[in-house]
Amino acid sequence: MTFSKPLPMPGEAESEPLPLTPAADPWGVKRAENLITSLTGILSARVVVTSQGEVSEVHVLTLSDVQPKQVVRNIESALMAQLGLKIDHRKISVAQTADVRPIEALQQEAIATRAKRRVVVFRGLGVRPADRPQRVLVRVRLAFEEREAEAEEQGTDTMRNRVEAAARAAATCLDELLPDNSVALEGAQIIEAFDRKFVLVAVHGLGGREAQLLTGTCEIRESAERSAVLAVLDATNRWADARR
């Protein structure tokens, strides 16, 4: 099988083929390679031709979840249908790789993995009636690196007090998980903005001699208590990471 060689212009002598460069591709190699790489599962392709334009080798790199025999058949069919080229299947070699992703995806995964390691993670929340009437117990569990902490706070059974109890429990967990720092809740409340309800918290963070008032918010979706815990984490995670 050979690629069709360009015909000389009238009055011009036939010359030897030019080197295969982006500007001069007399055998249509790039066109064939682009066609092959457009096929499903093929990551890259290289077509090798002789000085007479005859295909001597076709090398492709594919993902590991595609069958090499099917890849070869797909290449043969595509070249015949699109370019009218018939290639001996024995000239096609297939190499496979387990995982090839764009560098942007790898960078995003690395950032996400790092973020999960460095921040305090919400593990659980429980709300149940207390022994005293009209009161509830709010239990919060948080994790930081390899450690976990759990705290329970009691409050009257109103939305405002349930939110404050959840935020206090979250701050108590943080105070335990960050032994070199001190964390205390200043206050928590429900606010309305943009036709939505949010929990807004203020937390005092003390690291060494430096004290800061940290604020965080979280939209109320599942429950106000859960949003209170997440608002505390929103207020403190960046501050806590800076003090590791």
# chains A, B, ... in the order shown; residues from 1 in each chain; ligands from 1

call {"tool": "residues_around", "arguments": {"residues": "Asp88 (chain A)", "least_positions_apart": "6", "cutoff": "12 Å", "atoms": "only C-alpha atoms", "output": "count of residues only"}}
result
14

call {"tool": "residues_around", "arguments": {"residues": "Ile42 (chain A)", "least_positions_apart": "3", "cutoff": "12 Å", "atoms": "only C-alpha atoms", "output": "list in words"}}
result
Glu33, Asn34, Leu35, Ile36, Thr37, Ser38, Leu39, Ala45, Arg46, His59, Val60, Leu61, Thr62, Leu63, Ser64, Asp65, Val66, Gln67, Pro68, Gln70, Val71, Val72, Asn74, Ile75, Val94, Ala95, Gln96, Thr97 and Val100 of chain A

call {"tool": "select_by_dssp", "arguments": {"residues": "region 12-222 of chain A", "states": "strand (DSSP E)", "output": "ChimeraX atom specification"}}
result
/A:42-49,55-63,92-97,121-129,135-144,147-156,181-193,196-207,210-219

call {"tool": "atom_distance", "arguments": {"atom1": "CA of Val203 (chain A)", "atom2": "CA of Glu186 (chain A)"}}
result
5.1 Å

call {"tool": "atom_distance", "arguments": {"atom1": "CA of Val201 (chain A)", "atom2": "CA of Phe144 (chain A)"}}
result
20.4 Å

call {"tool": "closest_residue", "arguments": {"among": "A:Asn181, A:Glu148, A:Arg139, A:Asp157", "to": "Ala169 (chain A)", "atoms": "only C-alpha atoms"}}
result
A:Arg139

call {"tool": "atom_distance", "arguments": {"atom1": "CA of Ala211 (chain A)", "atom2": "CA of Val119 (chain A)"}}
result
19.8 Å

call {"tool": "closest_residue", "arguments": {"among": "A:Ala231, A:Cys218, A:Ala224, A:Val199", "to": "Ala171 (chain A)", "atoms": "only C-alpha atoms"}}
result
A:Ala231

call {"tool": "residues_around", "arguments": {"residues": "Thr172 (chain A)", "least_positions_apart": "2", "cutoff": "9 Å", "atoms": "only C-alpha atoms", "output": "PyMOL selection string"}}
result
chain A and resi 149-152+167-170+174-177+183-185

call {"tool": "closest_residue", "arguments": {"among": "A:Ala130, A:Ala32, A:Leu206, A:Ala228", "to": "Met159 (chain A)", "atoms": "only C-alpha atoms"}}
result
A:Ala228

call {"tool": "select_by_dssp", "arguments": {"residues": "region 80-238 of chain A", "states": "alpha helix (DSSP H)", "output": "number ranges by chain"}}
result
A: 103-118, 159-177, 224-238
